[in-house]
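Chemist: So that you have it, the file is target37.cif, and it contains mmCIF, C-alpha atoms:
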data_entry
loop_
_atom_site.label_atom_id
_atom_site.label_comp_id
_atom_site.auth_asym_id
_atom_site.auth_seq_id
_atom_site.Cartn_x
_atom_site.Cartn_y
_atom_site.Cartn_z
CA MET A 187 13.61 -168.63 132.36
CA LEU A 188 12.48 -171.58 130.30
CA GLY A 189 9.07 -169.94 129.71
CA ILE A 190 10.65 -166.67 128.59
CA GLY A 191 12.94 -168.49 126.20
CA ALA A 192 10.04 -170.41 124.73
CA TRP A 193 8.09 -167.18 124.16
CA LEU A 194 11.07 -165.54 122.48
CA LEU A 195 11.52 -168.57 120.25
CA PHE A 196 7.95 -169.42 119.33
CA GLY A 197 5.87 -166.32 120.18
CA ARG A 198 8.23 -163.97 118.36
CA ALA A 199 8.45 -166.38 115.46
CA ARG A 200 4.74 -166.11 114.93
CA GLY A 201 5.24 -162.33 114.42
CA THR A 202 4.45 -159.05 116.10
CA VAL A 203 0.73 -158.38 116.32
CA VAL A 204 -0.26 -155.40 114.14
CA ARG A 205 -3.34 -153.68 112.85
CA ILE A 206 -3.69 -152.96 109.16
CA ALA A 207 -4.43 -149.52 107.69
CA VAL A 208 -5.01 -149.05 103.97
CA ALA A 209 -3.78 -145.89 102.23
CA GLN A 210 -6.73 -144.11 100.64
CA GLU A 211 -6.61 -141.73 97.70
CA SER A 212 -6.85 -138.19 99.05
CA ALA A 213 -9.68 -135.97 97.87
CA SER A 214 -7.85 -132.82 98.99
CA ASN A 215 -5.52 -132.49 96.00
CA SER A 216 -5.88 -129.01 94.52
CA ALA A 217 -5.76 -128.67 90.78
CA ALA A 218 -5.46 -124.90 90.99
CA GLY A 219 -2.59 -124.45 93.39
CA GLY A 220 -0.94 -127.86 93.80
CA ALA A 221 -0.99 -130.41 96.58
CA SER A 222 -1.55 -129.36 100.17
CA LEU A 223 1.67 -129.40 102.17
CA LEU A 224 0.19 -128.52 105.52
CA ASP A 225 -3.08 -127.71 107.23
CA ALA A 226 -3.39 -125.34 110.18
CA SER A 227 -6.25 -123.86 112.16
CA GLY A 228 -6.76 -120.25 113.15
CA TYR A 229 -9.17 -117.35 113.26
CA VAL A 230 -10.20 -114.44 111.08
CA VAL A 231 -8.85 -111.21 112.55
CA ALA A 232 -8.96 -107.55 111.58
CA ARG A 233 -5.64 -105.77 111.23
CA ARG A 234 -7.42 -102.44 111.45
CA GLN A 235 -9.98 -101.96 114.19
CA ALA A 236 -10.45 -99.34 116.86
CA THR A 237 -12.41 -98.89 120.05
CA VAL A 238 -13.50 -95.30 119.52
CA SER A 239 -13.63 -93.01 122.53
CA SER A 240 -13.76 -89.31 123.26
CA LYS A 241 -10.65 -87.25 124.03
CA ILE A 242 -12.24 -85.90 127.20
CA THR A 243 -14.28 -87.20 130.10
CA GLY A 244 -17.93 -86.31 129.78
CA LYS A 245 -21.56 -87.40 129.77
CA VAL A 246 -22.95 -88.99 126.62
CA LEU A 247 -25.67 -86.87 125.07
CA GLU A 248 -26.52 -89.07 122.07
CA VAL A 249 -25.18 -92.20 120.37
CA LEU A 250 -25.71 -92.40 116.62
CA ILE A 251 -24.50 -95.96 115.90
CA GLU A 252 -25.80 -99.51 116.13
CA GLU A 253 -24.09 -102.88 115.72
CA GLY A 254 -23.74 -103.82 112.06
CA GLN A 255 -23.96 -100.23 110.85
CA ARG A 256 -21.50 -99.09 108.18
CA VAL A 257 -19.83 -95.77 108.88
CA ALA A 258 -17.69 -93.49 106.74
CA ALA A 259 -14.40 -91.95 107.76
CA ASN A 260 -14.94 -88.90 110.01
CA GLU A 261 -18.65 -89.65 110.40
CA VAL A 262 -20.16 -88.53 113.73
CA LEU A 263 -20.69 -91.52 116.04
CA ALA A 264 -21.73 -89.79 119.27
CA ARG A 265 -21.97 -86.43 121.01
CA LEU A 266 -21.11 -85.54 124.59
CA ASP A 267 -22.67 -82.87 126.80
CA ASP A 268 -21.05 -79.63 125.56
CA SER A 269 -22.63 -77.10 127.93
CA ASN A 270 -19.31 -76.33 129.65
CA SER A 271 -17.34 -76.13 126.41
CA GLN A 272 -20.02 -73.88 124.90
CA ALA A 273 -19.70 -71.52 127.89
CA ARG A 274 -15.91 -71.42 127.45
CA LEU A 275 -16.38 -70.81 123.74
CA GLN A 276 -18.70 -67.85 124.43
CA GLN A 277 -16.25 -66.51 126.99
CA ALA A 278 -13.38 -66.73 124.50
CA THR A 279 -15.49 -64.95 121.88
CA ALA A 280 -16.26 -62.15 124.34
CA GLN A 281 -12.58 -61.84 125.24
CA ILE A 282 -11.72 -61.35 121.58
CA ALA A 283 -14.32 -58.58 121.30
CA GLN A 284 -12.88 -56.89 124.40
CA ALA A 285 -9.31 -57.21 123.13
CA GLN A 286 -10.26 -55.76 119.76
CA ALA A 287 -11.97 -52.81 121.46
CA ASN A 288 -8.83 -52.18 123.53
CA LEU A 289 -6.76 -52.40 120.37
CA GLN A 290 -8.96 -49.84 118.65
CA ALA A 291 -8.71 -47.45 121.64
CA SER A 292 -4.94 -47.77 121.83
CA GLU A 293 -4.64 -47.21 118.08
CA THR A 294 -6.70 -44.01 118.40
CA ALA A 295 -4.47 -42.81 121.23
CA LEU A 296 -1.36 -43.55 119.18
CA ASN A 297 -2.73 -41.73 116.13
CA ASP A 298 -3.49 -38.70 118.31
CA ALA A 299 -0.05 -38.69 119.93
CA ARG A 300 1.94 -39.11 116.74
CA PRO A 301 1.34 -35.66 115.07
CA ILE A 302 1.86 -33.86 118.41
CA TYR A 303 5.18 -35.61 118.87
CA HIS A 304 6.33 -34.84 115.34
CA ARG A 305 5.37 -31.15 115.74
CA GLU A 306 7.15 -30.90 119.09
CA GLU A 307 10.17 -32.52 117.49
CA GLN A 308 10.34 -29.85 114.75
CA GLU A 309 9.81 -27.02 117.25
CA ARG A 310 12.55 -28.42 119.46
CA ALA A 311 14.92 -28.43 116.50
CA GLN A 312 14.14 -24.71 116.02
CA ALA A 313 14.55 -24.06 119.76
CA LEU A 314 10.93 -22.86 120.03
CA ILE A 315 10.06 -25.12 123.00
CA SER A 316 11.93 -26.25 126.02
CA ALA A 317 13.52 -29.67 126.39
CA GLN A 318 11.04 -30.45 129.17
CA ASP A 319 8.02 -29.93 126.93
CA PHE A 320 9.59 -32.05 124.18
CA ASP A 321 10.38 -34.89 126.61
CA ALA A 322 6.77 -34.89 127.81
CA ALA A 323 5.42 -35.16 124.26
CA LYS A 324 7.90 -37.92 123.46
CA ALA A 325 6.93 -39.89 126.58
CA THR A 326 3.25 -39.62 125.71
CA TYR A 327 3.91 -40.90 122.19
CA ASN A 328 6.08 -43.81 123.38
CA ALA A 329 3.45 -44.85 125.93
CA ALA A 330 0.76 -44.83 123.25
CA ALA A 331 2.95 -46.93 120.94
CA ALA A 332 3.66 -49.42 123.72
CA ALA A 333 -0.02 -49.65 124.64
CA PHE A 334 -0.88 -50.32 121.00
CA ALA A 335 1.71 -53.16 120.83
CA VAL A 336 0.32 -54.70 124.04
CA ALA A 337 -3.22 -54.48 122.66
CA GLN A 338 -2.12 -56.30 119.51
CA ARG A 339 -0.64 -59.11 121.61
CA SER A 340 -3.81 -59.27 123.67
CA VAL A 341 -5.88 -59.80 120.52
CA ALA A 342 -3.53 -62.61 119.42
CA LEU A 343 -3.84 -64.22 122.87
CA ALA A 344 -7.63 -63.96 122.77
CA ARG A 345 -7.72 -65.59 119.36
CA SER A 346 -5.56 -68.45 120.63
CA SER A 347 -7.92 -68.91 123.55
CA LEU A 348 -10.79 -69.05 121.08
CA VAL A 349 -9.00 -71.82 119.13
CA VAL A 350 -8.53 -73.81 122.36
CA ALA A 351 -12.19 -73.36 123.27
CA GLN A 352 -13.25 -74.42 119.79
CA ARG A 353 -11.12 -77.58 120.08
CA ASP A 354 -12.68 -78.34 123.44
CA GLU A 355 -16.05 -78.07 121.73
CA ASP A 356 -14.89 -80.33 118.88
CA ASP A 357 -13.72 -82.92 121.44
CA THR A 358 -17.32 -83.42 122.52
CA VAL A 359 -18.06 -84.91 119.10
CA VAL A 360 -16.81 -88.50 118.55
CA ARG A 361 -16.03 -89.35 114.92
CA ALA A 362 -15.09 -92.53 113.06
CA PRO A 363 -11.30 -92.75 112.49
CA PHE A 364 -11.81 -94.72 109.27
CA ALA A 365 -14.54 -96.34 107.20
CA GLY A 366 -15.78 -99.65 108.55
CA VAL A 367 -18.54 -101.56 110.31
CA VAL A 368 -19.60 -101.09 113.93
CA THR A 369 -19.22 -104.40 115.78
CA VAL A 370 -19.74 -103.20 119.37
CA LYS A 371 -21.90 -100.42 120.80
CA ALA A 372 -20.49 -99.79 124.26
CA ALA A 373 -22.21 -96.63 125.55
CA GLN A 374 -25.71 -95.26 125.97
CA PRO A 375 -27.00 -91.69 126.42
CA GLY A 376 -26.63 -90.49 129.99
CA GLU A 377 -23.53 -92.57 130.75
CA MET A 378 -20.11 -91.12 131.53
CA VAL A 379 -17.19 -91.90 129.23
CA SER A 380 -13.51 -91.44 129.99
CA PRO A 381 -10.57 -92.12 127.65
CA ILE A 382 -8.20 -92.76 130.57
CA SER A 383 -9.80 -95.46 132.72
CA ALA A 384 -13.18 -96.70 133.82
CA GLY A 385 -12.74 -95.22 137.29
CA GLY A 386 -16.20 -95.99 138.59
CA GLY A 387 -18.35 -98.96 137.78
CA PHE A 388 -20.64 -96.92 135.52
CA THR A 389 -17.98 -95.08 133.51
CA ARG A 390 -17.36 -96.32 129.97
CA THR A 391 -14.00 -96.17 128.25
CA GLY A 392 -15.35 -96.09 124.71
CA ILE A 393 -18.37 -95.43 122.53
CA GLY A 394 -18.02 -98.48 120.26
CA THR A 395 -15.72 -100.58 118.10
CA VAL A 396 -15.26 -100.00 114.37
CA VAL A 397 -13.70 -102.69 112.16
CA ASP A 398 -12.29 -102.16 108.68
CA MET A 399 -13.64 -105.21 106.86
CA ASP A 400 -11.13 -104.75 104.05
CA SER A 401 -8.34 -105.50 106.53
CA LEU A 402 -9.58 -108.99 107.46
CA GLU A 403 -7.03 -111.80 107.34
CA VAL A 404 -6.43 -115.17 108.99
CA GLU A 405 -3.94 -115.84 111.76
CA VAL A 406 -2.97 -119.49 112.15
CA ASP A 407 -0.61 -121.33 114.49
CA VAL A 408 1.74 -123.64 112.60
CA ASN A 409 3.63 -126.36 114.45
CA GLU A 410 7.27 -125.31 114.57
CA ASN A 411 8.29 -128.72 113.18
CA PHE A 412 6.53 -127.85 109.91
CA ILE A 413 7.26 -124.13 109.62
CA THR A 414 9.86 -124.88 106.91
CA ARG A 415 6.93 -125.72 104.61
CA VAL A 416 5.60 -122.15 104.81
CA ARG A 417 6.97 -119.10 103.00
CA ALA A 418 5.80 -115.56 102.29
CA GLY A 419 3.68 -115.31 99.14
CA GLN A 420 2.80 -119.01 99.22
CA PRO A 421 -0.70 -119.81 97.85
CA VAL A 422 -3.21 -121.22 100.30
CA THR A 423 -6.81 -122.36 100.43
CA ILE A 424 -8.95 -121.04 103.28
CA ARG A 425 -12.03 -122.85 104.58
CA LEU A 426 -14.22 -121.21 107.17
CA ASN A 427 -15.77 -123.43 109.83
CA ALA A 428 -19.11 -121.79 109.05
CA TYR A 429 -18.80 -122.66 105.33
CA PRO A 430 -16.69 -125.86 105.16
CA ASP A 431 -17.38 -126.47 101.44
CA TRP A 432 -16.36 -122.95 100.39
CA GLU A 433 -12.73 -122.73 99.26
CA ILE A 434 -11.33 -119.19 99.42
CA PRO A 435 -8.02 -118.50 97.68
CA GLY A 436 -5.38 -116.68 99.67
CA GLU A 437 -1.67 -116.26 100.19
CA VAL A 438 0.79 -116.02 103.04
CA ILE A 439 1.48 -112.43 104.10
CA ALA A 440 4.23 -113.06 106.63
CA ILE A 441 5.63 -115.46 109.18
CA ILE A 442 5.82 -113.77 112.58
CA PRO A 443 9.48 -114.21 113.63
CA THR A 444 8.86 -115.63 117.09
CA ALA A 445 7.58 -118.92 118.49
CA ASP A 446 5.12 -119.66 121.28
CA ARG A 447 7.05 -121.90 123.66
CA SER A 448 3.92 -123.08 125.46
CA LYS A 449 2.34 -124.40 122.23
CA ALA A 450 5.50 -124.95 120.13
CA THR A 451 3.89 -123.02 117.29
CA VAL A 452 4.71 -120.09 115.03
CA LYS A 453 2.04 -117.56 114.03
CA VAL A 454 1.46 -117.04 110.29
CA ARG A 455 -0.59 -114.24 108.69
CA VAL A 456 -2.69 -115.19 105.66
CA ALA A 457 -4.49 -112.78 103.31
CA PHE A 458 -7.76 -113.26 101.45
CA LYS A 459 -7.45 -112.80 97.69
CA ARG A 460 -11.18 -112.15 97.40
CA ARG A 461 -13.34 -110.11 99.75
CA ASP A 462 -16.75 -111.40 100.74
CA ALA A 463 -19.40 -110.15 103.14
CA ARG A 464 -19.71 -113.63 104.64
CA VAL A 465 -16.24 -113.41 106.15
CA LEU A 466 -16.53 -112.01 109.67
CA PRO A 467 -13.98 -111.28 112.41
CA GLU A 468 -13.24 -114.09 114.91
CA MET A 469 -14.60 -116.83 112.61
CA GLY A 470 -12.77 -120.11 112.85
CA ALA A 471 -10.80 -121.04 109.74
CA ARG A 472 -8.62 -123.84 108.41
CA VAL A 473 -5.80 -123.02 106.01
CA SER A 474 -4.22 -125.48 103.56
CA PHE A 475 -0.75 -124.37 102.47
CA LEU A 476 -0.30 -125.39 98.83
CA GLN A 477 2.71 -126.56 96.87
CA GLN A 478 2.98 -124.48 93.73
CA ALA A 479 4.86 -125.98 90.83
CA SER A 480 7.56 -123.87 89.21
CA ALA A 481 6.68 -122.41 85.81
CA ASP A 482 10.09 -123.49 84.45
CA ALA A 483 9.85 -127.06 85.65
CA ALA A 484 8.90 -129.80 83.22
CA PRO A 485 5.41 -131.15 83.81
CA ALA A 486 5.57 -134.27 85.99
CA PRO A 487 3.17 -137.17 85.66
CA ALA A 488 0.04 -136.55 87.69
CA ARG A 489 0.19 -138.36 91.02
CA ARG A 490 -2.50 -138.04 93.61
CA ALA A 491 -1.61 -137.93 97.27
CA VAL A 492 -2.93 -140.54 99.68
CA ILE A 493 -4.22 -140.23 103.20
CA ILE A 494 -3.40 -142.60 106.05
CA PRO A 495 -4.15 -142.73 109.78
CA VAL A 496 -1.90 -140.50 111.87
CA GLU A 497 -0.79 -143.43 114.04
CA ALA A 498 0.49 -145.28 110.96
CA VAL A 499 3.37 -142.84 110.42
CA ALA A 500 6.22 -141.57 112.56
CA ALA A 501 6.62 -137.96 111.46
CA ASN A 502 9.95 -136.16 111.42
CA GLY A 503 9.49 -132.72 109.90
CA ALA A 504 8.62 -132.93 106.21
CA ASN A 505 9.25 -136.69 106.08
CA GLY A 506 7.99 -139.70 107.95
CA THR A 507 8.43 -143.42 108.36
CA VAL A 508 5.83 -146.09 107.61
CA PHE A 509 5.86 -149.89 107.53
CA VAL A 510 4.36 -151.47 104.42
CA VAL A 511 3.05 -155.01 104.83
CA HIS A 512 4.20 -157.63 102.27
CA ASP A 513 2.72 -161.04 103.06
CA ASP A 514 3.82 -161.64 106.67
CA LYS A 515 6.70 -159.14 106.80
CA VAL A 516 7.00 -155.36 106.91
CA GLU A 517 9.15 -153.01 104.87
CA GLN A 518 10.26 -149.73 106.42
CA ARG A 519 9.79 -146.88 103.99
CA THR A 520 10.41 -143.12 104.10
CA VAL A 521 7.55 -140.98 102.79
CA LYS A 522 7.03 -137.27 102.12
CA LEU A 523 4.32 -135.80 104.31
CA GLY A 524 1.69 -133.25 103.46
CA ALA A 525 -1.15 -131.79 105.48
CA GLN A 526 -2.52 -133.32 108.66
CA SER A 527 -6.23 -132.99 109.20
CA ALA A 528 -9.10 -134.60 111.04
CA GLN A 529 -9.24 -137.29 108.28
CA GLY A 530 -5.62 -138.29 108.80
CA GLN A 531 -2.12 -137.63 107.49
CA VAL A 532 -1.66 -136.77 103.80
CA VAL A 533 1.32 -138.50 102.15
CA LEU A 534 2.61 -136.79 99.02
CA ALA A 535 5.14 -139.41 97.92
CA GLY A 536 6.49 -142.79 98.97
CA ILE A 537 3.38 -144.99 98.87
CA ASP A 538 0.40 -145.44 96.58
CA ALA A 539 -3.28 -145.77 97.27
CA GLY A 540 -4.16 -149.29 98.39
CA ALA A 541 -0.87 -149.89 100.23
CA GLN A 542 -1.32 -151.84 103.47
CA LEU A 543 0.42 -150.26 106.43
CA ALA A 544 1.19 -151.87 109.76
CA ILE A 545 0.30 -150.26 113.06
CA ALA A 546 2.03 -152.02 115.94
CA VAL A 547 -0.32 -153.02 118.72
CA ARG A 548 2.53 -153.38 121.27
CA GLY A 549 6.14 -152.34 120.99
CA LYS A 550 7.99 -151.09 117.92
CA LEU A 551 8.47 -152.54 114.47
CA ARG A 552 11.72 -153.12 112.61
CA ASP A 553 12.42 -153.37 108.90
CA GLY A 554 11.89 -156.93 107.66
CA GLU A 555 10.18 -158.05 110.84
CA ARG A 556 7.60 -160.81 110.66
CA VAL A 557 4.12 -159.70 111.69
CA ARG A 558 0.77 -161.19 112.46
CA ILE A 559 -2.43 -159.27 111.69
CA GLU A 560 -4.71 -158.75 114.67
CA GLN A 561 -8.06 -160.34 114.17
CA PRO A 562 -11.09 -158.08 114.78
#
Mind converting the file's structure to structure tokens?
Modeler:
Amino acid sequence: MLGIGAWLLFGRARGTVVRIAVAQESASNSAAGGASLLDASGYVVARRQATVSSKITGKVLEVLIEEGQRVAANEVLARLDDSNSQARLQQATAQIAQAQANLQASETALNDARPIYHREEQERAQALISAQDFDAAKATYNAAAAAFAVAQRSVALARSSLVVAQRDEDDTVVRAPFAGVVTVKAAQPGEMVSPISAGGGFTRTGIGTVVDMDSLEVEVDVNENFITRVRAGQPVTIRLNAYPDWEIPGEVIAIIPTADRSKATVKVRVAFKRRDARVLPEMGARVSFLQQASADAAPAPARRAVIIPVEAVAANGANGTVFVVHDDKVEQRTVKLGAQSAQGQVVLAGIDAGAQLAIAVRGKLRDGERVRIEQP
């Protein structure tokens, strides 16, 4: 007990051992859009892409695409074996010819029966023929009229069958649903394709994938603790991992209204304000969400943000707590936080560049506590 008391009296009096971190002026301040409030990582994605397949199961006859090829809307991408559909198309054409011939024959019979019926009708009115003869002529005429109506319906049915056969033939041609770039070629001539399922190990489900490059955007996961810093229409700066020195202007499209409980993040969609051929789907990207000053606000004195080590601040949403070293004591101070990146935590307000911050080696610090700097 005596030893513990002595440590509390003398060891504590000498101060808590801390490391010193110096706030550095941040180089990430943006003159165009304001200071960065938050950084988040994500990937470039296409909102409009399609794995193009045929509407029927069949054998691939030819594939007319390659990866990287630009295609126009409705352009032919591939053709399937159409021997069966061609046979059905020829059959439907022959059925139309037969139906039209039957229609012509029934029309001739009707034209022949009509004057006979009308003459018999007049003679019956004058009592020149018997009722039996008139009924026979009337029955012949009615049968011819009915046969002509049936023949007309048969022609309509044959034409419908021809339309179905023509559509079956059209289904053997695979076309691009929209203009874009082919990113995947999935089938080769001679393979079977099926729009339903792969079925066997050698059956493809699609011909290829087409991506609309004008629909590219960035999807990032923002920590739910900082989602209040993001809003729709907010300006951002996008940096691709492949081109880290290239700043691409953008803006927030929308905040997806659901959180990922496993990662404690919320997905945010970000649009590119400028299109460029260097931007490709699935590229890694880092987005800096900017603070845009109001047009009605009076211009404030320019103040550059500073960057400090992440372990030097206890973050709590948009604010945080740091301990500034003055001689051998620390002062607890609340600061406004900005983006967090690989270089450290950006502080927008509360401390200036050059401020010395304490990082406790063991335990926690308190406001006004005496400290002792750890020697290297």
Chemist: Please provide the set of residues having any atom within 12 Å of A:Asp319, restricted to only C-alpha atoms, with same-chain residues fewer than 2 positions apart removed, written as a list in words.
Modeler: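 Surrounding residues, per the criterion: Ile302, Tyr303, Arg305, Glu306, Glu307, Glu309, Arg310, Ala313, Leu314, Ile315, Ser316, Ala317, Asp321, Ala322, Ala323, Lys324, Ala325 and Thr326 of chain A.
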Chemist: Just checking: using all atoms listed in the file, which residue out of A:Gln235, A:Ser227, A:Thr389, A:Gln281 ends up closest to A:Val456?
Modeler: A:Ser227
Chemist: Per residue of stretch 442-475 of chain A within 9 Å of stretch 395-419 of chain A, what are the shortest atom pair and its distance in Å to one decimal, counting only C-alpha atoms, with rows by chain and residue number, as JSON lines?
Modeler:
{"residue": "A:Ala445", "atom": "CA", "partner": "A:Glu410", "partner_atom": "CA", "distance": 7.5}
{"residue": "A:Lys449", "atom": "CA", "partner": "A:Asn409", "partner_atom": "CA", "distance": 8.1}
{"residue": "A:Ala450", "atom": "CA", "partner": "A:Glu410", "partner_atom": "CA", "distance": 5.8}
{"residue": "A:Thr451", "atom": "CA", "partner": "A:Asn409", "partner_atom": "CA", "distance": 4.4}
{"residue": "A:Val452", "atom": "CA", "partner": "A:Val408", "partner_atom": "CA", "distance": 5.2}
{"residue": "A:Lys453", "atom": "CA", "partner": "A:Asp407", "partner_atom": "CA", "distance": 4.6}
{"residue": "A:Val454", "atom": "CA", "partner": "A:Val406", "partner_atom": "CA", "distance": 5.4}
{"residue": "A:Arg455", "atom": "CA", "partner": "A:Glu405", "partner_atom": "CA", "distance": 4.8}
{"residue": "A:Val456", "atom": "CA", "partner": "A:Val404", "partner_atom": "CA", "distance": 5.0}
{"residue": "A:Ala457", "atom": "CA", "partner": "A:Glu403", "partner_atom": "CA", "distance": 4.9}
{"residue": "A:Phe458", "atom": "CA", "partner": "A:Glu403", "partner_atom": "CA", "distance": 6.1}
{"residue": "A:Arg461", "atom": "CA", "partner": "A:Asp400", "partner_atom": "CA", "distance": 7.2}
{"residue": "A:Ala463", "atom": "CA", "partner": "A:Met399", "partner_atom": "CA", "distance": 8.5}
{"residue": "A:Val465", "atom": "CA", "partner": "A:Leu402", "partner_atom": "CA", "distance": 8.1}
{"residue": "A:Leu466", "atom": "CA", "partner": "A:Leu402", "partner_atom": "CA", "distance": 7.9}
{"residue": "A:Pro467", "atom": "CA", "partner": "A:Leu402", "partner_atom": "CA", "distance": 7.0}
{"residue": "A:Gly470", "atom": "CA", "partner": "A:Val404", "partner_atom": "CA", "distance": 8.9}
{"residue": "A:Ala471", "atom": "CA", "partner": "A:Val404", "partner_atom": "CA", "distance": 7.4}
{"residue": "A:Arg472", "atom": "CA", "partner": "A:Val406", "partner_atom": "CA", "distance": 8.1}
{"residue": "A:Val473", "atom": "CA", "partner": "A:Val406", "partner_atom": "CA", "distance": 7.6}
{"residue": "A:Phe475", "atom": "CA", "partner": "A:Val416", "partner_atom": "CA", "distance": 7.1}
Chemist: For each of A:Glu497, A:Asp514, A:Glu555, A:Glu261, take the minimum atom-to-atom distance to A:Gln531, counting all atoms listed in the file, then give the residue where this is smallest.
Modeler: A:Glu497
Chemist: In Å to one decimal, how far is atom CA of A:Gly201 from atom CA of A:Arg558?
Modeler: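 Separation between atom CA of A:Arg558 and atom CA of A:Gly201: 5.0 Å.
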Chemist: If the PyMOL selection byres ((chain A and resi 253) around 6) is run on the structure shown, which residues does it catch, given as a ChimeraX atom specification?
Modeler: /A:252,254-255,368-370
Chemist: Please indicate the distance in Å from atom CA of A:Asn505 to atom CA of A:Ser212, rounded to one decimal place.
Modeler: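 Spanning atom CA of A:Asn505 to atom CA of A:Ser212 is a straight-line distance of 17.6 Å.
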Chemist: Given the file above and the PyMOL selection byres ((chain A and resi 350) around 12), which residues are selected, and can you give them as a list in words?
Modeler: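 On this input, the PyMOL selection byres ((chain A and resi 350) around 12) captures Ser271, Gln272, Arg274, Leu275, Gln276, Gln277, Ala278, Thr279, Leu343, Ala344, Arg345, Ser346, Ser347, Leu348, Val349, Ala351, Gln352, Arg353, Asp354, Glu355, Asp356 and Asp357 of chain A.
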Chemist: What separation in Å, quoted to one decimal, exists between atom CA of A:Arg552 and atom CA of A:Val511?
Modeler: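 Between these atoms lies a distance of 11.8 Å.
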Chemist: List every protein, DNA or RNA residue with an atom no more than 6 Å from (-4.3, -151.5, 106.0) in the file's coordinates, counting all atoms listed in the file, and format the result as a PyMOL selection string.
Modeler: chain A and resi 206-208+542-543
Chemist: Starting from the shown file, work through the PyMOL selection byres ((chain A and resi 424) around 8) and note down what comes out as a list in words.
Modeler: Val422, Thr423, Arg425, Leu426, Glu433, Ile434, Pro435, Gly436, Ala471, Arg472, Val473 and Ser474 of chain A
Chemist: Out of A:Asp538, A:Asp268, A:Asp462, A:Glu517, which residue has the shortest atom-to-atom distance to A:Gly554 when counting all atoms listed in the file?
Modeler: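 The answer is A:Glu517, which sits nearest to A:Gly554.
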Chemist: So which one's closest to A:Ile441, A:Gln284, A:Tyr327, A:Ala546, A:Gln420? Using only C-alpha atoms, please.
Modeler: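 Of all the options, A:Gln420 lies closest to A:Ile441.
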Chemist: Which one is closest to A:Gly228: A:Val336, A:Met469, A:Val438, A:Ala329? Count only C-alpha atoms.
Modeler: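 Between A:Val336, A:Met469, A:Val438, A:Ala329, the residue approaching A:Gly228 most closely is A:Met469.
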Chemist: Select, from A:Pro495, A:Gly506, A:Gly366, A:Gly530, the residue with the minimum atom-to-atom distance to A:Gln518, counting only C-alpha atoms.
Modeler: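 Using only C-alpha atoms, the shortest distance to A:Gln518 belongs to A:Gly506.
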Chemist: With 4 Å of padding per side, what axis-aligned box (centre and edge lengths, Å, one decimal) covers all the listed atoms of stretch 276-281 of chain A? Give it as AutoDock Vina command-line options.
Modeler:
--center_x -15.6 --center_y -64.8 --center_z 124.4 --size_x 14.1 --size_y 14.0 --size_z 13.1
Chemist: Add whatever atoms are absent from stretch 465-477 of chain A to reach N, CA and C atoms, and provide the output as a PDB file, keeping the file's coordinate frame.
Modeler:
ATOM      1  N   VAL A 465     -17.409-113.280 105.284  1.00  0.00           N
ATOM      2  CA  VAL A 465     -16.240-113.410 106.150  1.00  0.00           C
ATOM      3  C   VAL A 465     -16.347-112.391 107.278  1.00  0.00           C
ATOM      4  N   LEU A 466     -16.352-112.870 108.515  1.00  0.00           N
ATOM      5  CA  LEU A 466     -16.530-112.010 109.670  1.00  0.00           C
ATOM      6  C   LEU A 466     -15.375-112.196 110.657  1.00  0.00           C
ATOM      7  N   PRO A 467     -15.048-111.154 111.415  1.00  0.00           N
ATOM      8  CA  PRO A 467     -13.980-111.280 112.410  1.00  0.00           C
ATOM      9  C   PRO A 467     -14.280-112.379 113.426  1.00  0.00           C
ATOM     10  N   GLU A 468     -13.206-113.045 113.873  1.00  0.00           N
ATOM     11  CA  GLU A 468     -13.240-114.090 114.910  1.00  0.00           C
ATOM     12  C   GLU A 468     -13.856-115.397 114.428  1.00  0.00           C
ATOM     13  N   MET A 469     -14.149-115.536 113.136  1.00  0.00           N
ATOM     14  CA  MET A 469     -14.600-116.830 112.610  1.00  0.00           C
ATOM     15  C   MET A 469     -13.448-117.825 112.636  1.00  0.00           C
ATOM     16  N   GLY A 470     -13.769-119.066 112.937  1.00  0.00           N
ATOM     17  CA  GLY A 470     -12.770-120.110 112.850  1.00  0.00           C
ATOM     18  C   GLY A 470     -12.464-120.448 111.402  1.00  0.00           C
ATOM     19  N   ALA A 471     -11.207-120.760 111.123  1.00  0.00           N
ATOM     20  CA  ALA A 471     -10.800-121.040 109.740  1.00  0.00           C
ATOM     21  C   ALA A 471      -9.723-122.120 109.734  1.00  0.00           C
ATOM     22  N   ARG A 472      -9.668-122.830 108.619  1.00  0.00           N
ATOM     23  CA  ARG A 472      -8.620-123.840 108.410  1.00  0.00           C
ATOM     24  C   ARG A 472      -7.923-123.492 107.097  1.00  0.00           C
ATOM     25  N   VAL A 473      -6.594-123.437 107.153  1.00  0.00           N
ATOM     26  CA  VAL A 473      -5.800-123.020 106.010  1.00  0.00           C
ATOM     27  C   VAL A 473      -4.964-124.194 105.523  1.00  0.00           C
ATOM     28  N   SER A 474      -5.051-124.462 104.210  1.00  0.00           N
ATOM     29  CA  SER A 474      -4.220-125.480 103.560  1.00  0.00           C
ATOM     30  C   SER A 474      -3.123-124.759 102.775  1.00  0.00           C
ATOM     31  N   PHE A 475      -1.885-124.978 103.164  1.00  0.00           N
ATOM     32  CA  PHE A 475      -0.750-124.370 102.470  1.00  0.00           C
ATOM     33  C   PHE A 475      -0.403-125.248 101.267  1.00  0.00           C
ATOM     34  N   LEU A 476      -0.411-124.639 100.074  1.00  0.00           N
ATOM     35  CA  LEU A 476      -0.300-125.390  98.830  1.00  0.00           C
ATOM     36  C   LEU A 476       1.121-125.389  98.296  1.00  0.00           C
ATOM     37  N   GLN A 477       1.423-126.456  97.562  1.00  0.00           N
ATOM     38  CA  GLN A 477       2.710-126.560  96.870  1.00  0.00           C
ATOM     39  C   GLN A 477       2.492-126.101  95.438  1.00  0.00           C
TER      40      GLN A 477
END
